[in-house]
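Trainee: The file below is entry.cif, mmCIF, C-alpha atoms:
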data_run
#
loop_
_atom_site.label_atom_id
_atom_site.label_comp_id
_atom_site.auth_asym_id
_atom_site.auth_seq_id
_atom_site.Cartn_x
_atom_site.Cartn_y
_atom_site.Cartn_z
CA MET A 1 1.60 16.04 12.72
CA ILE A 2 2.33 12.35 12.89
CA ALA A 3 5.88 11.04 12.60
CA SER A 4 7.08 7.62 11.53
CA ILE A 5 10.73 6.77 12.21
CA SER A 6 12.64 3.88 10.66
CA GLN A 7 16.28 3.05 10.08
CA GLY A 8 18.44 0.84 7.95
CA GLY A 9 21.95 -0.19 7.03
CA GLY A 10 22.23 1.69 3.72
CA PHE A 11 20.96 4.62 1.67
CA GLY A 12 20.58 3.26 -1.87
CA GLY A 13 17.20 1.58 -1.47
CA LEU A 14 15.77 4.47 0.53
CA PHE A 15 16.80 7.11 -2.01
CA GLY A 16 15.65 4.84 -4.83
CA TYR A 17 12.18 4.67 -3.29
CA LEU A 18 11.85 8.34 -2.33
CA LEU A 19 13.12 9.70 -5.65
CA ALA A 20 11.47 7.22 -8.02
CA ASP A 21 10.06 8.90 -11.13
CA GLU A 22 6.49 7.86 -10.37
CA LYS A 23 6.69 9.53 -6.95
CA GLU A 24 7.00 13.00 -8.55
CA ALA A 25 9.26 13.90 -5.65
CA LYS A 26 10.53 17.39 -4.97
CA ILE A 27 13.62 18.11 -2.87
CA ILE A 28 12.81 21.05 -0.59
CA GLY A 29 15.82 21.06 1.71
CA GLY A 30 19.14 19.52 2.58
CA ASN A 31 22.84 20.16 3.03
CA VAL A 32 24.26 17.90 0.31
CA ALA A 33 25.34 18.66 -3.24
CA CYS A 34 24.05 15.69 -5.23
CA ARG A 35 20.45 15.21 -6.37
CA SER A 36 20.54 11.82 -8.13
CA VAL A 37 20.01 8.50 -6.38
CA LYS A 38 23.53 7.28 -7.16
CA GLY A 39 25.14 10.59 -6.24
CA LEU A 40 23.28 10.89 -2.95
CA THR A 41 24.03 7.30 -2.02
CA ARG A 42 27.72 7.82 -2.72
CA GLU A 43 27.81 11.12 -0.82
CA PHE A 44 26.06 9.79 2.29
CA LYS A 45 28.09 6.56 2.26
CA ALA A 46 31.36 8.50 2.19
CA ILE A 47 30.49 9.99 5.59
CA SER A 48 29.01 6.84 7.15
CA ASP A 49 32.21 4.99 6.20
CA LEU A 50 34.09 7.29 8.59
CA ASN A 51 32.72 5.14 11.41
CA PRO A 52 32.61 1.49 10.27
CA GLN A 53 31.48 0.40 13.74
CA VAL A 54 28.06 1.93 13.07
CA THR A 55 26.08 -0.53 10.94
CA VAL A 56 22.65 1.16 11.07
CA VAL A 57 23.46 4.46 9.39
CA ALA A 58 20.30 5.59 7.56
CA LYS A 59 17.48 7.31 9.43
CA HIS A 60 14.15 7.88 7.69
CA ILE A 61 11.57 10.20 9.26
CA ALA A 62 8.19 10.58 7.55
CA LEU A 63 6.03 13.51 8.65
CA ALA A 64 2.30 13.69 7.88
CA PHE A 65 0.26 16.82 8.42
CA ALA A 66 -3.41 16.69 9.40
CA PRO A 67 -5.96 17.05 6.56
CA GLU A 68 -7.30 20.13 8.39
CA ASP A 69 -3.95 21.88 7.87
CA GLY A 70 -4.66 22.17 4.14
CA GLU A 71 -1.76 22.81 1.78
CA VAL A 72 1.32 23.57 3.85
CA ALA A 73 3.95 25.84 2.27
CA ASP A 74 7.24 24.19 1.30
CA SER A 75 9.13 26.78 3.32
CA LEU A 76 7.24 25.82 6.48
CA LYS A 77 7.73 22.11 5.81
CA ALA A 78 11.47 22.62 5.43
CA GLU A 79 11.60 24.79 8.56
CA ILE A 80 9.78 22.15 10.63
CA ALA A 81 12.00 19.35 9.32
CA MET A 82 15.24 21.21 9.99
CA ARG A 83 14.17 22.24 13.47
CA LEU A 84 13.20 18.67 14.29
CA LEU A 85 16.63 17.45 13.22
CA GLN A 86 18.35 20.19 15.22
CA GLU A 87 16.47 19.39 18.42
CA LEU A 88 17.00 15.66 17.98
CA GLY A 89 20.74 16.26 17.89
CA TYR A 90 21.50 15.96 14.16
CA LYS A 91 23.18 19.37 14.03
CA ASN A 92 26.27 18.07 12.26
CA SER A 93 24.75 15.42 9.98
CA GLN A 94 23.91 15.15 6.30
CA PHE A 95 20.20 15.37 5.58
CA LEU A 96 17.76 15.60 2.70
CA ILE A 97 14.10 16.70 2.80
CA VAL A 98 11.81 15.27 0.12
CA GLU A 99 8.18 16.17 -0.52
CA HIS A 100 5.72 13.81 -2.21
CA PRO A 101 2.45 15.07 -3.72
CA ARG A 102 -0.90 14.10 -2.27
CA SER A 103 -1.50 11.80 -5.22
CA ASP A 104 1.14 9.48 -3.75
CA HIS A 105 -0.90 6.75 -1.97
CA ASN A 106 -4.01 8.97 -2.56
CA HIS A 107 -3.44 10.90 0.65
CA ASN A 108 -5.76 13.73 1.68
CA HIS A 109 -2.96 15.49 3.54
CA ASP A 110 0.52 16.85 2.93
CA HIS A 111 3.52 14.78 3.92
CA LEU A 112 7.28 14.79 3.59
CA HIS A 113 10.27 12.54 4.14
CA ILE A 114 13.59 13.25 5.85
CA VAL A 115 16.73 11.19 5.31
CA VAL A 116 19.53 11.84 7.81
CA ASN A 117 22.92 10.23 8.32
CA VAL A 118 23.34 8.79 11.82
CA VAL A 119 27.08 9.30 11.44
CA GLY A 120 27.97 12.97 11.75
CA LEU A 121 30.39 14.88 9.53
CA ASP A 122 32.96 14.42 12.29
CA GLY A 123 32.60 10.63 12.12
CA GLU A 124 30.84 10.40 15.48
CA ARG A 125 27.54 8.55 15.89
CA VAL A 126 24.64 10.79 16.92
CA LYS A 127 23.14 9.75 20.25
CA ASN A 128 19.44 9.22 19.67
CA GLY A 129 17.98 7.63 22.79
CA PHE A 130 14.21 7.94 23.37
CA GLU A 131 13.99 9.48 19.91
CA TRP A 132 10.34 8.63 19.30
CA ARG A 133 9.14 10.23 22.52
CA ARG A 134 11.33 13.31 22.00
CA THR A 135 10.03 13.64 18.43
CA GLU A 136 6.44 13.72 19.61
CA LYS A 137 7.18 16.44 22.16
CA ILE A 138 8.99 18.55 19.56
CA LEU A 139 6.12 18.20 17.07
CA ARG A 140 3.51 19.13 19.70
CA ALA A 141 5.43 22.36 20.40
CA MET A 142 5.69 23.24 16.71
CA GLU A 143 1.99 22.54 16.15
CA THR A 144 1.18 25.22 18.70
CA GLU A 145 3.80 27.62 17.37
CA HIS A 146 2.65 27.38 13.74
CA ASN A 147 -1.08 27.04 14.47
CA LEU A 148 -1.27 23.51 13.06
CA THR A 149 -3.83 20.89 14.04
CA PRO A 150 -2.80 19.44 17.42
CA VAL A 151 -2.39 15.68 17.73
CA ALA A 152 -2.31 13.84 21.04
CA CYS A 153 0.94 12.09 21.93
CA SER A 154 0.83 8.30 21.80
CA TRP A 155 0.92 7.98 25.59
CA GLU A 156 -2.02 10.42 25.78
CA SER A 157 -3.96 8.61 23.04
CA LYS A 158 -3.74 5.41 25.05
CA LYS A 159 -5.66 7.05 27.87
CA SER A 160 -8.52 7.98 25.52
CA LEU A 161 -9.07 4.48 24.13
CA PRO A 162 -12.69 3.40 24.68
CA THR A 163 -13.36 0.43 26.90
CA LYS A 164 -14.68 -2.82 25.43
CA GLY A 165 -18.16 -1.96 26.72
CA GLN A 166 -18.05 1.50 25.13
CA SER A 167 -16.97 0.03 21.80
CA GLU A 168 -19.83 -2.47 21.86
CA ARG A 169 -22.28 0.34 22.65
CA TYR A 170 -20.99 2.36 19.68
CA ARG A 171 -21.49 -0.64 17.40
CA ARG A 172 -25.04 -1.23 18.67
CA GLU A 173 -25.93 2.42 18.09
CA VAL A 174 -24.56 2.28 14.55
CA ALA A 175 -26.53 -0.91 13.82
CA ALA A 176 -29.71 0.64 15.22
CA ALA A 177 -29.24 3.78 13.09
CA GLU A 178 -28.93 1.63 9.96
CA VAL A 179 -32.35 0.10 10.68
CA ASP A 180 -34.12 3.26 11.94
CA LEU A 181 -33.11 6.18 9.71
CA THR A 182 -34.62 8.66 12.19
CA LEU A 183 -31.87 7.87 14.68
CA PRO A 184 -28.61 9.83 14.52
CA THR A 185 -25.59 7.81 13.34
CA PRO A 186 -22.84 7.99 15.97
CA GLU A 187 -19.25 8.44 14.87
CA LEU A 188 -17.18 5.43 15.84
CA PRO A 189 -13.88 6.21 17.59
CA VAL A 190 -10.88 5.72 15.33
CA SER A 191 -9.56 2.97 17.61
CA THR A 192 -12.82 1.05 17.18
CA LYS A 193 -12.70 1.48 13.40
CA ILE A 194 -9.16 0.11 13.32
CA GLN A 195 -10.12 -2.75 15.65
CA ASP A 196 -13.09 -3.68 13.42
CA LEU A 197 -10.96 -3.62 10.27
CA ILE A 198 -8.31 -5.80 11.92
CA ASP A 199 -10.96 -8.30 13.02
CA GLU A 200 -12.35 -8.26 9.47
CA VAL A 201 -9.09 -9.04 7.67
CA ILE A 202 -7.60 -11.62 10.04
CA PRO A 203 -9.74 -14.56 8.76
CA HIS A 204 -8.46 -13.84 5.23
CA SER A 205 -4.81 -13.33 6.23
CA PRO A 206 -2.86 -16.59 6.48
CA THR A 207 0.45 -14.71 6.53
CA MET A 208 1.67 -11.47 8.11
CA THR A 209 2.32 -10.06 4.63
CA ASP A 210 -1.30 -10.74 3.63
CA TYR A 211 -2.52 -9.17 6.87
CA VAL A 212 -0.65 -5.91 6.35
CA ALA A 213 -1.57 -5.73 2.66
CA ARG A 214 -5.28 -6.10 3.40
CA LEU A 215 -5.22 -3.40 6.06
CA GLN A 216 -3.43 -1.05 3.67
CA SER A 217 -6.07 -1.74 1.01
CA LYS A 218 -8.71 -0.58 3.50
CA GLY A 219 -6.94 2.72 4.19
CA VAL A 220 -5.12 1.76 7.39
CA GLU A 221 -1.46 2.81 7.52
CA VAL A 222 0.65 0.10 9.16
CA ARG A 223 4.08 0.82 10.63
CA PRO A 224 6.24 -2.12 11.77
CA LYS A 225 8.81 -1.55 14.51
CA ILE A 226 11.88 -3.56 13.54
CA THR A 227 15.22 -3.70 15.33
CA ARG A 228 18.51 -3.57 13.46
CA THR A 229 18.82 -7.32 13.92
CA GLY A 230 15.51 -7.89 12.14
CA LEU A 231 13.37 -8.54 15.20
CA VAL A 232 9.79 -7.33 14.75
CA GLN A 233 8.80 -5.73 18.04
CA GLY A 234 5.28 -4.76 17.02
CA LEU A 235 2.98 -2.91 14.65
CA SER A 236 1.28 0.45 14.92
CA TYR A 237 -1.80 1.55 12.99
CA SER A 238 -2.99 4.92 11.73
CA LEU A 239 -6.38 5.94 10.35
CA ASP A 240 -7.83 9.41 9.75
CA GLY A 241 -4.61 10.92 11.10
CA VAL A 242 -4.83 9.10 14.46
CA ALA A 243 -2.30 6.43 15.38
CA PHE A 244 -2.36 3.59 17.89
CA GLN A 245 0.12 0.91 18.86
CA GLY A 246 -1.08 -2.63 18.27
CA ALA A 247 -0.37 -3.52 21.88
CA HIS A 248 -2.99 -0.95 22.92
CA LEU A 249 -5.73 -2.63 20.86
CA GLN A 250 -7.49 -5.82 21.91
CA GLY A 251 -5.73 -8.93 20.61
CA CYS A 252 -3.56 -6.92 18.20
CA SER A 253 -0.06 -7.16 19.65
CA PHE A 254 2.38 -9.00 17.39
CA PRO A 255 2.34 -12.25 19.44
CA LYS A 256 -1.47 -12.16 19.75
CA LEU A 257 -1.91 -11.72 16.00
CA GLN A 258 0.05 -14.92 15.51
CA ALA A 259 -2.05 -16.64 18.17
CA ARG A 260 -5.13 -15.61 16.18
CA GLY A 261 -3.85 -17.40 13.08
CA VAL A 262 -1.72 -14.81 11.26
CA ASN A 263 1.44 -16.79 10.55
CA TYR A 264 4.82 -15.02 10.60
CA GLU A 265 7.91 -16.49 8.99
CA ARG A 266 10.99 -14.27 9.04
CA GLU A 267 12.38 -15.34 5.66
CA ARG A 268 9.03 -14.83 3.91
CA ASP A 269 7.54 -11.82 5.72
CA LEU A 270 10.44 -9.68 6.98
CA PRO A 271 11.32 -8.25 3.52
CA ALA A 272 7.69 -7.15 3.08
CA LEU A 273 7.56 -5.59 6.55
CA ASN A 274 10.82 -3.75 5.88
CA ALA A 275 9.29 -2.38 2.68
CA VAL A 276 6.24 -1.21 4.62
CA ALA A 277 8.52 0.47 7.17
CA ARG A 278 10.01 2.43 4.25
CA GLY A 279 6.52 3.61 3.31
CA GLU A 280 5.79 1.16 0.50
CA LYS A 281 2.41 -0.40 -0.19
CA LEU A 282 1.89 -4.14 -0.58
CA THR A 283 -0.35 -5.94 -3.07
CA VAL A 284 -3.27 -8.01 -1.82
CA LYS A 285 -3.20 -11.65 -2.89
CA ILE A 286 -6.61 -13.24 -3.43
CA GLU A 287 -5.55 -16.84 -4.04
CA ALA A 288 -6.12 -17.74 -0.40
CA GLU A 289 -9.76 -16.64 -0.64
CA ILE A 290 -10.70 -18.27 -3.96
CA ALA A 291 -8.97 -21.61 -3.25
CA PRO A 292 -11.81 -22.92 -0.98
CA LEU A 293 -14.35 -21.98 -3.67
CA LEU A 294 -12.38 -23.86 -6.31
CA GLU A 295 -12.20 -26.89 -4.03
CA LEU A 296 -15.99 -26.76 -3.56
CA ASP A 297 -16.54 -26.59 -7.32
CA ASP A 298 -14.23 -29.57 -7.83
CA LEU A 299 -16.08 -31.54 -5.14
CA GLU A 300 -19.48 -30.81 -6.70
CA SER A 301 -18.19 -31.78 -10.15
CA GLU A 302 -16.85 -35.05 -8.75
CA ILE A 303 -20.21 -35.89 -7.10
CA ILE A 304 -22.08 -35.24 -10.35
CA ARG A 305 -19.50 -37.29 -12.31
CA VAL A 306 -20.03 -40.25 -9.98
CA PHE A 307 -23.83 -40.01 -10.41
CA VAL A 308 -23.47 -39.95 -14.19
CA ARG A 309 -21.16 -42.96 -14.16
CA LYS A 310 -23.75 -45.01 -12.21
CA ASP A 311 -26.88 -44.28 -14.24
CA PRO A 312 -27.08 -41.42 -16.77
CA VAL A 313 -30.86 -40.98 -16.48
CA LYS A 314 -31.11 -41.42 -12.73
CA SER A 315 -28.00 -39.39 -12.06
CA GLU A 316 -29.43 -36.41 -13.95
CA ARG A 317 -32.42 -36.34 -11.59
CA GLU A 318 -30.19 -36.82 -8.54
CA SER A 319 -27.72 -34.17 -9.56
CA SER A 320 -30.56 -31.69 -10.17
CA SER A 321 -32.00 -32.50 -6.79
CA TYR A 322 -28.55 -32.07 -5.24
CA GLY A 323 -28.17 -28.68 -6.88
CA MET A 324 -31.55 -27.53 -5.46
CA SER A 325 -30.61 -28.61 -1.96
CA MET A 326 -27.50 -26.44 -2.12
#
Using the file provided, produce a representation of the structure as structure tokens.

Mentor:
Amino acid sequence: MIASISQGGGFGGLFGYLLADEKEAKIIGGNVACRSVKGLTREFKAISDLNPQVTVVAKHIALAFAPEDGEVADSLKAEIAMRLLQELGYKNSQFLIVEHPRSDHNHNHDHLHIVVNVVGLDGERVKNGFEWRRTEKILRAMETEHNLTPVACSWESKKSLPTKGQSERYRREVAAAEVDLTLPTPELPVSTKIQDLIDEVIPHSPTMTDYVARLQSKGVEVRPKITRTGLVQGLSYSLDGVAFQGAHLQGCSFPKLQARGVNYERERDLPALNAVARGEKLTVKIEAEIAPLLELDDLESEIIRVFVRKDPVKSERESSSYGMSM
């Protein structure tokens, strides 16, 4: 299983997204009475208001099962989610477990979402230090217990990243197999696939929003890590059920992406990154790609117009010759 953890200052937008009609969501667990977006928001807010000093009150945990796990029973999903919350310390907190069908985002695996109130029923804030690392350990134990497909922890995955030389060798072997069909086609490591896709989209991504949208369109799940003050600490990437932090890939940390020409402006890009952190998908904009082509067409038209203005007969020959040289 792979977990994605995000948090926010309110519940309305999160419930609105998870329970939207087009999501075909199904509530499979929880300890609250309401089932509507407005009712849930009101019920969760009533508890979070018990501790006004806590401003980041909504915790969202998305759990994705491996494709090899097949269709996981709702009862097992709910059991895993509730145990995760218990071991993370949310024993006295409101929570809701929502399942989305595989058709959502065209996934080939089961997944679910957990919403939990950081403020407990007693008004105390739940201590959640090192939550990501503890979550991975808990999931690894439950994978073994329930005979689910094991996934390496992020700190273990880092050790298995291929070197630059190994990645280049993989690429050469793939290229050779495309020319000589008698050669076996090697399977590229997931990290190399992600790296290649990142390198492919960067030239067409003038903004961070464009960059994330293009990766999503190619099947890469992107998860921003954003602090409660809106500081983007980095991006992680997931493909074929395997996740890597951007800092562990060559030239893919958040500062290095900007150094490579992907511009980030907080006012423009932060809302989109927050939406992605909630599990939403962005739309790819193509204007940036077609603009240079339009400029070239305008330039060619202007050259031909100048030729025609000089000498209609001569310019026709020159413009034809110009078109052939292109």

Trainee: Using all atoms listed in the file, can you list as a list of chain:residue names the residues within 9 Å of (26.2, 14.3, 18.9)?

Mentor: A:Gly89, A:Tyr90, A:Lys91, A:Asn92, A:Gly120, A:Glu124, A:Arg125, A:Val126, A:Lys127, A:Asn128

Trainee: Considering all atoms listed in the file, return as a ChimeraX atom specification whatever protein or nucleic-acid residues lie within 10 Å of A:Asp74, sequence-local ones (same chain, fewer than 6 positions apart) excluded.

Mentor: /A:26-29,80,99,112

Trainee: Take the residues that were just selected and, keeping C-alpha atoms, output them as a PDB file, in the coordinates of the input.

Mentor:
ATOM      1  CA  LYS A  26      10.530  17.390  -4.970  1.00  0.00           C
ATOM      2  CA  ILE A  27      13.620  18.110  -2.870  1.00  0.00           C
ATOM      3  CA  ILE A  28      12.810  21.050  -0.590  1.00  0.00           C
ATOM      4  CA  GLY A  29      15.820  21.060   1.710  1.00  0.00           C
ATOM      5  CA  ILE A  80       9.780  22.150  10.630  1.00  0.00           C
ATOM      6  CA  GLU A  99       8.180  16.170  -0.520  1.00  0.00           C
ATOM      7  CA  LEU A 112       7.280  14.790   3.590  1.00  0.00           C
TER       8      LEU A 112
END

Trainee: For A:Glu145, which residue among A:Tyr264, A:Ala58, A:Phe95, A:Leu76 is the nearest when counting only C-alpha atoms?

Mentor: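 Among the listed residues, A:Leu76 lies closest to A:Glu145.
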
Trainee: Under the rule that all atoms listed in the file are counted, which of A:Lys218, A:Arg35, A:Lys281, A:Arg133 is the nearest residue to A:Ile97?

Mentor: A:Arg35

Trainee: Any idea what's packed within 12 Å of A:Leu282, counting all atoms listed in the file, ignoring anything in its chain fewer than 3 positions away? Could you give it as a ChimeraX atom specification?

Mentor: /A:105,208-218,221-222,269,271-279,285

Trainee: Between atom CA of A:Val201 and atom CA of A:Leu63, what is the distance, to one decimal in Å?

Mentor: 27.2 Å

Trainee: Write out as a ChimeraX atom specification the residues lying within 10 Å of stretch 106-110 of chain A, counting only C-alpha atoms and excluding same-chain residues fewer than 2 positions away.

Mentor: /A:1,63-73,77,99-104,112,219,240-241
